[in-house]
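Peer 1: Quick one, final_12.txt (compact mmCIF, C-alpha atoms and all ligand atoms):
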```
# COMPACT_ATOMS: atom_id res chain seq x y z
CA MET G 1 100.96 67.31 112.97
CA LYS G 2 102.85 67.92 109.74
CA LYS G 3 100.24 70.48 108.79
CA HIS G 4 100.81 72.34 112.04
CA VAL G 5 104.54 72.44 111.47
CA LEU G 6 103.96 73.81 107.99
CA ILE G 7 101.65 76.48 109.34
CA LEU G 8 104.22 77.38 111.97
CA VAL G 9 106.93 77.67 109.34
CA ALA G 10 104.67 79.83 107.20
CA VAL G 11 103.80 82.07 110.14
CA LEU G 12 107.47 82.46 111.06
CA ALA G 13 108.34 83.29 107.46
CA VAL G 14 105.70 85.99 107.32
CA PHE G 15 106.75 87.27 110.74
CA GLY G 16 110.37 87.39 109.61
CA ALA G 17 109.38 89.27 106.50
CA VAL G 18 107.26 91.71 108.49
CA CYS G 19 110.22 92.28 110.82
CA ALA G 20 112.40 93.04 107.83
CA TRP G 21 110.55 96.29 107.36
CA ALA G 22 109.08 96.68 110.79
CA ALA G 23 112.27 97.97 112.33
CA THR G 24 114.11 100.02 109.82
CA ASP G 25 116.41 102.95 110.18
CA ALA G 26 116.17 103.81 106.50
CA LEU G 27 116.11 107.44 105.44
CA VAL G 28 113.76 107.85 102.49
CA GLY G 29 113.51 111.05 100.47
CA ALA G 30 110.24 111.72 98.66
CA CYS G 31 109.30 114.37 96.08
CA ILE G 32 105.65 115.12 95.28
CA TYR G 33 104.94 116.90 91.97
CA LYS G 34 103.02 119.58 93.87
CA PHE G 35 101.54 119.70 97.35
CA ASP G 36 98.48 121.60 96.12
CA ASP G 37 96.80 118.47 94.71
CA THR G 38 93.97 116.83 96.63
CA PHE G 39 94.63 113.22 95.67
CA MET G 40 98.42 113.41 96.07
CA THR G 41 97.90 114.97 99.51
CA GLY G 42 96.10 111.76 100.45
CA VAL G 43 99.02 109.67 99.16
CA ARG G 44 101.50 111.89 101.02
CA ASN G 45 99.62 111.55 104.30
CA ALA G 46 99.42 107.77 103.93
CA MET G 47 103.18 107.65 103.31
CA ARG G 48 103.86 109.54 106.54
CA VAL G 49 101.57 107.30 108.59
CA GLU G 50 103.18 104.15 107.19
CA MET G 51 106.73 105.35 107.80
CA ALA G 52 105.82 106.22 111.38
CA LYS G 53 104.79 102.57 111.80
CA LEU G 54 107.97 101.24 110.24
CA GLY G 55 110.25 103.45 112.33
CA GLY G 56 112.37 104.93 109.53
CA GLU G 57 112.65 108.53 108.52
CA LEU G 58 110.70 110.04 105.65
CA GLU G 59 111.35 113.46 104.23
CA VAL G 60 108.79 114.85 101.77
CA VAL G 61 109.25 117.94 99.62
CA ASP G 62 107.03 119.92 97.27
CA SER G 63 108.38 119.99 93.69
CA GLN G 64 106.02 122.93 92.96
CA ASN G 65 105.13 121.55 89.55
CA LYS G 66 108.63 122.27 88.24
CA GLN G 67 110.78 119.44 86.92
CA PRO G 68 114.12 121.30 87.37
CA THR G 69 113.21 121.94 91.03
CA GLN G 70 112.49 118.23 91.48
CA ASN G 71 115.80 117.25 89.86
CA ASP G 72 117.64 119.47 92.37
CA GLN G 73 115.64 117.98 95.24
CA VAL G 74 116.73 114.49 94.20
CA ASP G 75 120.37 115.65 94.13
CA THR G 76 119.95 117.03 97.64
CA TYR G 77 118.49 113.75 98.90
CA ILE G 78 121.41 111.85 97.38
CA SER G 79 124.04 114.12 98.90
CA LYS G 80 122.32 113.80 102.29
CA GLY G 81 122.80 110.05 102.16
CA SER G 82 119.20 108.93 101.66
CA ASN G 83 118.81 105.17 101.40
CA ALA G 84 115.94 105.23 98.90
CA LEU G 85 113.92 107.71 96.85
CA ILE G 86 110.20 108.03 96.19
CA VAL G 87 109.36 110.24 93.24
CA ASN G 88 106.03 111.50 91.95
CA PRO G 89 107.46 113.07 88.80
CA VAL G 90 106.34 116.48 87.59
CA ASP G 91 106.74 115.28 84.01
CA ARG G 92 106.59 111.55 83.60
CA THR G 93 108.40 111.78 80.26
CA ALA G 94 111.35 113.28 82.16
CA ALA G 95 111.84 110.34 84.54
CA GLU G 96 114.97 109.03 82.84
CA PRO G 97 117.51 111.48 84.34
CA LEU G 98 116.05 110.78 87.79
CA MET G 99 116.42 107.04 87.26
CA LYS G 100 120.03 107.64 86.13
CA LYS G 101 120.82 109.68 89.25
CA ALA G 102 119.58 106.81 91.41
CA GLN G 103 121.38 104.22 89.30
CA ALA G 104 124.70 106.06 89.57
CA GLU G 105 124.44 105.68 93.37
CA ASN G 106 122.88 102.19 93.28
CA LEU G 107 119.91 103.67 95.19
CA PRO G 108 116.39 102.22 95.02
CA ILE G 109 113.89 104.57 93.35
CA VAL G 110 110.12 104.17 93.56
CA PHE G 111 107.99 106.18 91.15
CA VAL G 112 104.37 106.84 92.12
CA ASN G 113 101.23 108.01 90.31
CA ARG G 114 102.96 109.18 87.09
CA GLU G 115 104.26 106.19 85.24
CA PRO G 116 107.67 106.40 83.54
CA TYR G 117 107.93 104.91 80.07
CA ALA G 118 108.77 101.21 79.88
CA ASP G 119 112.29 101.77 78.53
CA VAL G 120 113.12 103.77 81.69
CA MET G 121 111.49 101.15 83.91
CA ASN G 122 113.50 98.41 82.21
CA ALA G 123 116.88 100.14 82.31
CA TYR G 124 117.57 99.63 86.03
CA ASP G 125 116.96 96.80 88.48
CA LYS G 126 116.21 98.95 91.56
CA ILE G 127 113.27 100.82 90.09
CA TRP G 128 109.59 100.27 90.93
CA TYR G 129 106.30 101.88 90.04
CA VAL G 130 103.29 102.14 92.37
CA GLY G 131 100.06 103.28 90.75
CA ALA G 132 96.70 102.25 89.43
CA LYS G 133 95.53 101.08 86.01
CA ALA G 134 93.89 104.17 84.57
CA GLU G 135 91.89 102.03 82.11
CA GLU G 136 89.94 100.56 85.04
CA SER G 137 88.90 103.96 86.35
CA GLY G 138 87.88 105.11 82.88
CA THR G 139 85.73 102.04 82.38
CA GLN G 140 84.11 102.36 85.79
CA SER G 141 83.25 106.04 85.38
CA GLY G 142 81.73 105.37 81.96
CA GLU G 143 79.71 102.55 83.49
CA LEU G 144 78.31 104.92 86.12
CA ILE G 145 76.83 107.04 83.32
CA VAL G 146 75.52 103.95 81.49
CA GLU G 147 73.84 102.65 84.64
CA TYR G 148 72.23 106.05 85.24
CA PHE G 149 70.88 106.27 81.68
CA LYS G 150 69.51 102.73 81.85
CA LYS G 151 67.70 103.47 85.10
CA ASN G 152 66.51 106.93 84.03
CA PRO G 153 65.24 106.98 80.44
CA GLY G 154 64.43 110.68 80.89
CA ALA G 155 68.19 111.34 81.09
CA ASP G 156 68.16 111.33 77.27
CA LYS G 157 66.61 114.78 77.35
CA ASN G 158 66.26 115.30 73.59
CA LYS G 159 65.16 111.66 73.05
CA ASP G 160 67.63 111.07 70.23
CA GLY G 161 69.03 107.87 71.74
CA LYS G 162 72.45 109.48 72.16
CA ILE G 163 74.27 110.76 75.22
CA GLN G 164 75.32 114.38 74.72
CA TYR G 165 78.31 114.74 77.06
CA ILE G 166 81.10 117.06 78.14
CA MET G 167 84.57 115.64 78.92
CA ILE G 168 86.88 117.51 81.32
CA ARG G 169 90.35 116.11 81.07
CA GLY G 170 93.38 116.09 83.40
CA GLU G 171 96.85 117.20 82.48
CA GLN G 172 97.90 116.72 78.88
CA GLY G 173 100.12 113.64 78.46
CA HIS G 174 99.30 112.16 81.89
CA GLN G 175 98.46 108.47 81.49
CA ASP G 176 95.42 108.91 83.75
CA ALA G 177 94.01 111.73 81.60
CA VAL G 178 94.47 109.91 78.31
CA LEU G 179 93.24 106.50 79.43
CA ARG G 180 90.36 107.67 81.63
CA THR G 181 89.04 109.72 78.72
CA ASP G 182 89.34 106.91 76.17
CA TYR G 183 88.03 104.14 78.40
CA SER G 184 85.08 106.10 79.76
CA ILE G 185 83.97 106.77 76.18
CA LYS G 186 84.50 103.12 75.30
CA ALA G 187 82.43 102.01 78.32
CA MET G 188 79.50 104.21 77.27
CA LYS G 189 79.65 102.77 73.75
CA ASP G 190 79.98 99.21 75.11
CA GLY G 191 76.94 100.00 77.25
CA GLY G 192 74.96 100.35 74.04
CA PHE G 193 74.81 104.12 73.71
CA GLU G 194 75.55 106.36 70.79
CA LEU G 195 77.50 109.40 71.83
CA GLU G 196 77.81 113.01 70.90
CA GLU G 197 80.66 114.98 72.42
CA LEU G 198 79.53 118.56 73.00
CA GLY G 199 82.86 119.66 74.40
CA SER G 200 86.18 118.34 75.70
CA ASP G 201 89.05 120.26 77.26
CA THR G 202 91.80 119.98 79.83
CA ALA G 203 91.52 121.61 83.25
CA ASN G 204 94.79 120.19 84.68
CA TRP G 205 93.11 118.28 87.55
CA ASP G 206 92.08 121.68 88.94
CA LYS G 207 88.69 122.67 90.35
CA VAL G 208 88.81 126.38 89.48
CA GLN G 209 89.97 125.72 85.91
CA ALA G 210 87.16 123.17 85.53
CA THR G 211 84.54 125.69 86.66
CA ASP G 212 85.80 128.13 84.03
CA LYS G 213 85.84 125.52 81.28
CA MET G 214 82.37 124.29 82.22
CA LYS G 215 80.99 127.84 82.20
CA GLY G 216 82.44 128.21 78.71
CA PHE G 217 80.75 125.00 77.52
CA ILE G 218 77.43 126.03 79.04
CA SER G 219 77.44 129.33 77.21
CA ALA G 220 78.65 127.74 73.97
CA VAL G 221 76.14 124.86 73.71
CA GLY G 222 73.33 125.78 76.14
CA ILE G 223 72.87 123.95 79.44
CA GLU G 224 69.66 122.20 78.35
CA LYS G 225 71.60 120.28 75.66
CA ILE G 226 74.09 118.75 78.12
CA GLU G 227 73.10 115.27 79.33
CA ALA G 228 76.25 114.15 81.20
CA VAL G 229 79.61 115.44 82.42
CA LEU G 230 82.64 113.18 82.81
CA ALA G 231 85.71 114.55 84.56
CA ASN G 232 89.06 112.77 84.85
CA ASN G 233 89.16 113.52 88.59
CA ASP G 234 86.92 114.67 91.44
CA ASP G 235 88.33 118.17 91.83
CA MET G 236 87.37 118.90 88.22
CA ALA G 237 83.97 117.20 88.63
CA LEU G 238 83.32 119.44 91.63
CA GLY G 239 84.47 122.46 89.61
CA ALA G 240 81.98 121.56 86.86
CA ILE G 241 79.24 121.16 89.48
CA GLU G 242 79.94 124.72 90.68
CA ALA G 243 79.23 125.96 87.16
CA LEU G 244 76.00 123.90 87.02
CA LYS G 245 74.89 125.22 90.40
CA ALA G 246 75.39 128.79 89.17
CA GLU G 247 72.67 127.96 86.60
CA GLY G 248 70.36 126.50 89.23
CA TYR G 249 71.24 122.91 88.31
CA ASN G 250 72.15 120.02 90.65
CA THR G 251 70.72 121.74 93.70
CA GLY G 252 67.76 119.44 94.35
CA ASP G 253 65.25 120.30 91.58
CA LYS G 254 64.94 116.97 89.69
CA SER G 255 64.07 118.69 86.42
CA LYS G 256 67.37 120.56 86.60
CA TYR G 257 69.93 117.82 87.00
CA ILE G 258 72.92 116.66 84.96
CA PRO G 259 74.78 113.53 86.07
CA VAL G 260 78.45 114.29 86.82
CA VAL G 261 81.12 111.67 87.49
CA GLY G 262 84.73 111.98 88.63
CA VAL G 263 87.60 109.81 89.85
CA ASP G 264 89.45 109.65 93.23
CA ALA G 265 86.67 109.44 95.86
CA THR G 266 88.01 112.44 97.76
CA ALA G 267 86.15 113.54 100.90
CA PRO G 268 84.48 116.54 99.18
CA ALA G 269 83.33 114.31 96.30
CA LEU G 270 81.75 111.84 98.72
CA GLU G 271 80.00 114.78 100.41
CA ALA G 272 78.71 115.91 97.00
CA MET G 273 77.35 112.40 96.41
CA LYS G 274 75.65 112.57 99.77
CA ASP G 275 73.98 115.90 98.99
CA GLY G 276 72.98 114.61 95.55
CA SER G 277 74.93 117.08 93.40
CA MET G 278 77.34 114.43 92.09
CA LEU G 279 76.34 111.06 90.62
CA GLY G 280 79.41 108.97 91.33
CA THR G 281 83.15 108.48 91.38
CA VAL G 282 85.83 105.82 91.41
CA LEU G 283 88.08 105.15 94.39
CA ASN G 284 91.70 105.94 93.53
CA ASP G 285 93.18 104.30 96.59
CA ALA G 286 95.57 106.93 98.00
CA ASP G 287 96.10 105.00 101.24
CA ASN G 288 97.27 101.79 99.64
CA GLN G 289 99.39 103.64 97.05
CA GLY G 290 101.16 105.58 99.82
CA ILE G 291 101.66 102.51 102.01
CA ALA G 292 102.96 100.39 99.13
CA ALA G 293 105.44 103.08 98.02
CA VAL G 294 106.93 103.41 101.49
CA ARG G 295 107.15 99.66 102.01
CA VAL G 296 108.94 99.11 98.71
CA ALA G 297 111.37 101.94 99.48
CA VAL G 298 112.11 100.64 102.96
CA VAL G 299 112.47 96.98 102.00
CA ALA G 300 114.78 97.91 99.11
CA ALA G 301 116.74 100.37 101.28
CA ASP G 302 117.28 97.59 103.79
CA GLU G 303 118.58 95.42 100.95
CA GLN G 304 115.82 92.87 101.33
CA PRO G 305 114.22 91.33 98.25
CA VAL G 306 111.07 93.23 97.25
CA THR G 307 108.44 90.49 97.03
CA GLU G 308 104.74 90.09 97.73
CA GLU G 309 105.74 88.53 101.07
CA THR G 310 107.96 91.42 102.14
CA ILE G 311 105.69 94.27 101.08
CA GLY G 312 102.22 92.75 101.35
CA TYR G 313 101.18 93.78 97.82
CA LYS G 314 101.20 91.83 94.58
CA ILE G 315 104.07 92.70 92.21
CA THR G 316 103.79 92.45 88.44
CA ASP G 317 106.88 91.90 86.25
CA GLY G 318 109.07 92.36 89.31
CA LYS G 319 108.54 96.14 89.45
CA TYR G 320 104.91 97.25 89.14
CA ILE G 321 102.53 97.45 92.10
CA TRP G 322 99.02 98.04 90.79
CA ILE G 323 96.45 99.16 93.35
CA PRO G 324 92.89 98.41 92.17
CA TYR G 325 90.20 101.06 91.66
CA ARG G 326 86.66 100.62 92.99
CA LYS G 327 83.42 102.00 91.63
CA VAL G 328 81.64 104.34 94.08
CA THR G 329 77.87 104.53 93.59
CA THR G 330 74.92 106.09 95.38
CA GLU G 331 74.45 102.67 97.01
CA ASN G 332 77.94 102.13 98.44
CA TYR G 333 79.51 105.61 98.86
CA LYS G 334 79.12 105.57 102.65
CA GLU G 335 81.66 102.72 102.90
CA PHE G 336 84.30 105.11 101.54
CA MET G 337 83.65 107.99 103.96
CA LYS G 338 86.31 108.22 106.68
C1 LIG H 401 95.57 111.23 89.36
C2 LIG H 401 94.47 111.76 90.25
C3 LIG H 401 94.36 113.26 90.08
C4 LIG H 401 95.70 113.91 90.30
C5 LIG H 401 96.77 113.27 89.46
C6 LIG H 401 98.12 113.86 89.78
O1 LIG H 401 95.73 109.85 89.58
O2 LIG H 401 93.26 111.15 89.91
O3 LIG H 401 93.40 113.78 90.97
O4 LIG H 401 96.03 113.79 91.65
O5 LIG H 401 96.79 111.87 89.67
O6 LIG H 401 99.15 113.22 89.06
CA CA H 402 70.36 112.68 73.93
```
Output the structure of this file as structure tokens.
Ligand code: GAL
Ligand code: CA

Peer 2:
Amino acid sequence: MKKHVLILVAVLAVFGAVCAWAATDALVGACIYKFDDTFMTGVRNAMRVEMAKLGGELEVVDSQNKQPTQNDQVDTYISKGSNALIVNPVDRTAAEPLMKKAQAENLPIVFVNREPYADVMNAYDKIWYVGAKAEESGTQSGELIVEYFKKNPGADKNKDGKIQYIMIRGEQGHQDAVLRTDYSIKAMKDGGFELEELGSDTANWDKVQATDKMKGFISAVGIEKIEAVLANNDDMALGAIEALKAEGYNTGDKSKYIPVVGVDATAPALEAMKDGSMLGTVLNDADNQGIAAVRVAVVAADEQPVTEETIGYKITDGKYIWIPYRKVTTENYKEFMK
């Protein structure tokens, strides 16, 4: 009997919490660093779907990769009377003035995907960050290469016991670019391989830039020397694959194949895994990042405590919501196709 009462109390508590954000009239203003970004488009869409469920109003604007534009957009949201802000900063090192704008109005501010420095995060009590631990994705993408080399001894084409690789990095200074690069290299070393970096450059998360950079590497070192390509995201991995395809690689001929890995698990990357041109990726969970950001904003806008019970996601140090990555392999990629 007692147990039943306890369960009932628990159910009512959860129900109450769900109701706290299930019927909101909050107006939330969101800025996305640029709309022309595959992964952030996924986050943006998930935000819209979640707000439609919660009943509040969500406005989303394109900061067009310009920090001054984004600062003005935040001012506009504040003067319109928004109840909370969601910001995907253009420059994560420039998050402080945005935090201060929110603080001056006592408005909740939720940063997503580009993590402000800790001193900014600690300077205000109505600030949150929703993102993913870039280290995890770096480790998992490095492991994909290790697993491939262990299964396919012929992958060491020059039989020197080392992996000759190319690294295509995201935007300079972005935590995901720095940590994915470092941790993917660490994972290959931890996997027991010696490494030789044949080339490493930034392509700003962009497919076309990655194709250009990869073409440059191919002509500089010779395609037959390259044994693996690691890209900090899927768009760049797909860009690199374009350059390989132009040389007749990764189009089905097993003797002309270079394993390529990315991060995000975008729809085109999963298609490339299906057709065999891409080895693997790591799910960067756009849906859960978008949902979590909107829930935090709405709960805080409604002046409810932001807790695991009210938002449905674990919170670290009172302000960080970390959404886990998942390794996507040739065995499980179908689970991730929508
Ligand atoms: C990363 C993502 C990239 C790009 C970037 C934008 O997390 O993997 O594809 O969207 O965020 O900040
Ligand atoms: Ca080798």

Peer 1: Would you compute an axis-aligned box for range 268-281 of chain G, covering every atom listed for it in the file with 4 Å of margin on each side, and report centre and edge lengths in Å to one decimal as lines of an AutoDock Vina configuration file?

Peer 2:
```
center_x = 78.7
center_y = 112.8
center_z = 95.5
size_x = 19.5
size_y = 16.6
size_z = 17.8
```

Peer 1: Could you tell me how far CA of Asn113 in chain G lies from CA of Ala243 in chain G, in Å and to one decimal?

Peer 2: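 Separation of CA of Asn113 in chain G and CA of Ala243 in chain G: 28.6 Å.
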
Peer 1: List as a PyMOL selection string the residues having at least one atom at most 7 Å from position (120.2, 106.9, 103.1) as given in the file, counting all atoms listed in the file.

Peer 2: chain G and resi 26-28+81-84

Peer 1: Please check which protein, DNA or RNA residues sit within 10 Å of ligand LIG 401 (chain H), counting all atoms listed in the file, and write them as a PyMOL selection string.

Peer 2: chain G and resi 32-43+88-92+112-115+131-134+137+170-171+174-177+180+204-206+231-236+262-266+282-286

Peer 1: Write out the residues from the selection above, keeping C-alpha atoms, as a compact mmCIF listing (two decimals), in the coordinates of the input.

Peer 2:
```txt
# COMPACT_ATOMS: atom_id res chain seq x y z
CA ILE G 32 105.65 115.12 95.28
CA TYR G 33 104.94 116.90 91.97
CA LYS G 34 103.02 119.58 93.87
CA PHE G 35 101.54 119.70 97.35
CA ASP G 36 98.48 121.60 96.12
CA ASP G 37 96.80 118.47 94.71
CA THR G 38 93.97 116.83 96.63
CA PHE G 39 94.63 113.22 95.67
CA MET G 40 98.42 113.41 96.07
CA THR G 41 97.90 114.97 99.51
CA GLY G 42 96.10 111.76 100.45
CA VAL G 43 99.02 109.67 99.16
CA ASN G 88 106.03 111.50 91.95
CA PRO G 89 107.46 113.07 88.80
CA VAL G 90 106.34 116.48 87.59
CA ASP G 91 106.74 115.28 84.01
CA ARG G 92 106.59 111.55 83.60
CA VAL G 112 104.37 106.84 92.12
CA ASN G 113 101.23 108.01 90.31
CA ARG G 114 102.96 109.18 87.09
CA GLU G 115 104.26 106.19 85.24
CA GLY G 131 100.06 103.28 90.75
CA ALA G 132 96.70 102.25 89.43
CA LYS G 133 95.53 101.08 86.01
CA ALA G 134 93.89 104.17 84.57
CA SER G 137 88.90 103.96 86.35
CA GLY G 170 93.38 116.09 83.40
CA GLU G 171 96.85 117.20 82.48
CA HIS G 174 99.30 112.16 81.89
CA GLN G 175 98.46 108.47 81.49
CA ASP G 176 95.42 108.91 83.75
CA ALA G 177 94.01 111.73 81.60
CA ARG G 180 90.36 107.67 81.63
CA ASN G 204 94.79 120.19 84.68
CA TRP G 205 93.11 118.28 87.55
CA ASP G 206 92.08 121.68 88.94
CA ALA G 231 85.71 114.55 84.56
CA ASN G 232 89.06 112.77 84.85
CA ASN G 233 89.16 113.52 88.59
CA ASP G 234 86.92 114.67 91.44
CA ASP G 235 88.33 118.17 91.83
CA MET G 236 87.37 118.90 88.22
CA GLY G 262 84.73 111.98 88.63
CA VAL G 263 87.60 109.81 89.85
CA ASP G 264 89.45 109.65 93.23
CA ALA G 265 86.67 109.44 95.86
CA THR G 266 88.01 112.44 97.76
CA VAL G 282 85.83 105.82 91.41
CA LEU G 283 88.08 105.15 94.39
CA ASN G 284 91.70 105.94 93.53
CA ASP G 285 93.18 104.30 96.59
CA ALA G 286 95.57 106.93 98.00
```

Peer 1: Measuring atom to atom with all atoms listed in the file, identify which of G:Glu196, G:Asp72, G:Asp182, G:Glu271 is nearest to ligand CA 402 (chain H).

Peer 2: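 That would be G:Glu196, the residue with the smallest distance to ligand CA 402 (chain H).
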
Peer 1: Could you pull out the residues sitting within 10 Å of ligand CA 402 (chain H), using all atoms listed in the file, and write them as a list of chain:residue names?

Peer 2: G:Gly154, G:Ala155, G:Asp156, G:Lys157, G:Asn158, G:Lys159, G:Asp160, G:Gly161, G:Lys162, G:Ile163, G:Gln164, G:Tyr165, G:Phe193, G:Glu194, G:Leu195, G:Glu196, G:Lys225, G:Ile226, G:Glu227, G:Ala228

Peer 1: For CA of Gln67 in chain G and CA of Thr211 in chain G, determine how far apart the two atoms are, in Å to one decimal place.

Peer 2: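 These atoms are spaced 27.0 Å apart.
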
Peer 1: Quote the spacing between CA of Gly29 in chain G and CA of Ala118 in chain G in Å to one decimal place.

Peer 2: 23.3 Å

Peer 1: Within 12 Å of Asp302 in chain G, counting only C-alpha atoms, which residues qualify if same-chain residues fewer than 2 places away don't, as a short mmCIF file (atom, residue, chain, number, x, y, z; two decimals) with C-alpha atoms, in the frame of the given file?

Peer 2:
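File selection_26.cif, as written:
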```
data_model
loop_
_atom_site.label_atom_id
_atom_site.label_comp_id
_atom_site.auth_asym_id
_atom_site.auth_seq_id
_atom_site.Cartn_x
_atom_site.Cartn_y
_atom_site.Cartn_z
CA ALA G 17 109.38 89.27 106.50
CA CYS G 19 110.22 92.28 110.82
CA ALA G 20 112.40 93.04 107.83
CA TRP G 21 110.55 96.29 107.36
CA ALA G 22 109.08 96.68 110.79
CA ALA G 23 112.27 97.97 112.33
CA THR G 24 114.11 100.02 109.82
CA ASP G 25 116.41 102.95 110.18
CA ALA G 26 116.17 103.81 106.50
CA LEU G 27 116.11 107.44 105.44
CA VAL G 28 113.76 107.85 102.49
CA LEU G 54 107.97 101.24 110.24
CA GLY G 56 112.37 104.93 109.53
CA SER G 82 119.20 108.93 101.66
CA ASN G 83 118.81 105.17 101.40
CA ALA G 84 115.94 105.23 98.90
CA LEU G 107 119.91 103.67 95.19
CA PRO G 108 116.39 102.22 95.02
CA ARG G 295 107.15 99.66 102.01
CA VAL G 296 108.94 99.11 98.71
CA ALA G 297 111.37 101.94 99.48
CA VAL G 298 112.11 100.64 102.96
CA VAL G 299 112.47 96.98 102.00
CA ALA G 300 114.78 97.91 99.11
CA GLN G 304 115.82 92.87 101.33
CA PRO G 305 114.22 91.33 98.25
CA VAL G 306 111.07 93.23 97.25
CA THR G 310 107.96 91.42 102.14
#
```

Peer 1: Find, counting only C-alpha atoms, the residue in G:Tyr313, G:Tyr183, G:Phe149, G:Phe217 that gets nearest to Leu279 in chain G.

Peer 2: G:Phe149

Peer 1: Name the closest residue to Val120 in chain G among the candidates G:Lys319, G:Ile145, G:Ala269, G:Leu58; distances are taken between atoms, counting only C-alpha atoms.

Peer 2: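 Among G:Lys319, G:Ile145, G:Ala269, G:Leu58, it is G:Lys319 that comes nearest to Val120 in chain G.
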
Peer 1: Let me make sure I understand: among G:Ile78, G:Cys31, G:Leu179, G:Ala246, which one has the smallest atom-to-atom distance to Asp62 in chain G if we use only C-alpha atoms?

Peer 2: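 Looking only at the distances to Asp62 in chain G, the closest residue turns out to be G:Cys31.
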
Peer 1: Using only C-alpha atoms, can you tell me which of G:Ala293, G:Ile127, G:Ile166, G:Val328 comes closest to Pro259 in chain G?

Peer 2: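 The closest residue to Pro259 in chain G is G:Ile166.
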
Peer 1: Please list as a PyMOL selection string every residue within 9 Å of Thr202 in chain G, counting only C-alpha atoms and excluding residues in the same chain fewer than 4 positions away.

Peer 2: chain G and resi 167-172+177+209-210+213

Peer 1: Could you tell me which of G:Ile311, G:Met47, G:Ile109, G:Ala267 comes closest to Lys334 in chain G if we count all atoms listed in the file?

Peer 2: G:Ala267

Peer 1: Which residues are close to Ser277 in chain G, i.e. within 12 Å by all atoms listed in the file, leaving aside same-chain residues fewer than 2 positions away? Reply as an MDAnalysis selection string.

Peer 2: chainID G and resid 237:245 248:254 256:261 268:275 279:280 330

Peer 1: For the selection just defined, write its residues with C-alpha atoms to a file, as an mmCIF file, in the coordinates of the input.

Peer 2:
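Once everything was written out, this is selection-v2.cif:
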```cif
data_model
loop_
_atom_site.group_PDB
_atom_site.id
_atom_site.type_symbol
_atom_site.label_atom_id
_atom_site.label_comp_id
_atom_site.auth_asym_id
_atom_site.auth_seq_id
_atom_site.Cartn_x
_atom_site.Cartn_y
_atom_site.Cartn_z
ATOM 1 C CA ALA G 237 83.970 117.200 88.630
ATOM 2 C CA LEU G 238 83.320 119.440 91.630
ATOM 3 C CA GLY G 239 84.470 122.460 89.610
ATOM 4 C CA ALA G 240 81.980 121.560 86.860
ATOM 5 C CA ILE G 241 79.240 121.160 89.480
ATOM 6 C CA GLU G 242 79.940 124.720 90.680
ATOM 7 C CA ALA G 243 79.230 125.960 87.160
ATOM 8 C CA LEU G 244 76.000 123.900 87.020
ATOM 9 C CA LYS G 245 74.890 125.220 90.400
ATOM 10 C CA GLY G 248 70.360 126.500 89.230
ATOM 11 C CA TYR G 249 71.240 122.910 88.310
ATOM 12 C CA ASN G 250 72.150 120.020 90.650
ATOM 13 C CA THR G 251 70.720 121.740 93.700
ATOM 14 C CA GLY G 252 67.760 119.440 94.350
ATOM 15 C CA ASP G 253 65.250 120.300 91.580
ATOM 16 C CA LYS G 254 64.940 116.970 89.690
ATOM 17 C CA LYS G 256 67.370 120.560 86.600
ATOM 18 C CA TYR G 257 69.930 117.820 87.000
ATOM 19 C CA ILE G 258 72.920 116.660 84.960
ATOM 20 C CA PRO G 259 74.780 113.530 86.070
ATOM 21 C CA VAL G 260 78.450 114.290 86.820
ATOM 22 C CA VAL G 261 81.120 111.670 87.490
ATOM 23 C CA PRO G 268 84.480 116.540 99.180
ATOM 24 C CA ALA G 269 83.330 114.310 96.300
ATOM 25 C CA LEU G 270 81.750 111.840 98.720
ATOM 26 C CA GLU G 271 80.000 114.780 100.410
ATOM 27 C CA ALA G 272 78.710 115.910 97.000
ATOM 28 C CA MET G 273 77.350 112.400 96.410
ATOM 29 C CA LYS G 274 75.650 112.570 99.770
ATOM 30 C CA ASP G 275 73.980 115.900 98.990
ATOM 31 C CA LEU G 279 76.340 111.060 90.620
ATOM 32 C CA GLY G 280 79.410 108.970 91.330
ATOM 33 C CA THR G 330 74.920 106.090 95.380
#
```

Peer 1: Which residues come within 9 Å of Thr139 in chain G, counting only C-alpha atoms, excluding same-chain residues fewer than 3 positions away, as a list in words?

Peer 2: Ala134, Glu135, Glu136, Gly142, Glu143, Leu144, Arg180, Asp182, Tyr183, Ser184, Ile185, Lys186, Ala187 and Met188 of chain G

Peer 1: With C-alpha atoms retained, export the selected residues as a short mmCIF file (atom, residue, chain, number, x, y, z; two decimals), in the frame of the given file.

Peer 2:
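Writing done, so here's out-v4.cif:
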```
data_model
loop_
_atom_site.label_atom_id
_atom_site.label_comp_id
_atom_site.auth_asym_id
_atom_site.auth_seq_id
_atom_site.Cartn_x
_atom_site.Cartn_y
_atom_site.Cartn_z
CA ALA G 134 93.89 104.17 84.57
CA GLU G 135 91.89 102.03 82.11
CA GLU G 136 89.94 100.56 85.04
CA GLY G 142 81.73 105.37 81.96
CA GLU G 143 79.71 102.55 83.49
CA LEU G 144 78.31 104.92 86.12
CA ARG G 180 90.36 107.67 81.63
CA ASP G 182 89.34 106.91 76.17
CA TYR G 183 88.03 104.14 78.40
CA SER G 184 85.08 106.10 79.76
CA ILE G 185 83.97 106.77 76.18
CA LYS G 186 84.50 103.12 75.30
CA ALA G 187 82.43 102.01 78.32
CA MET G 188 79.50 104.21 77.27
#
```
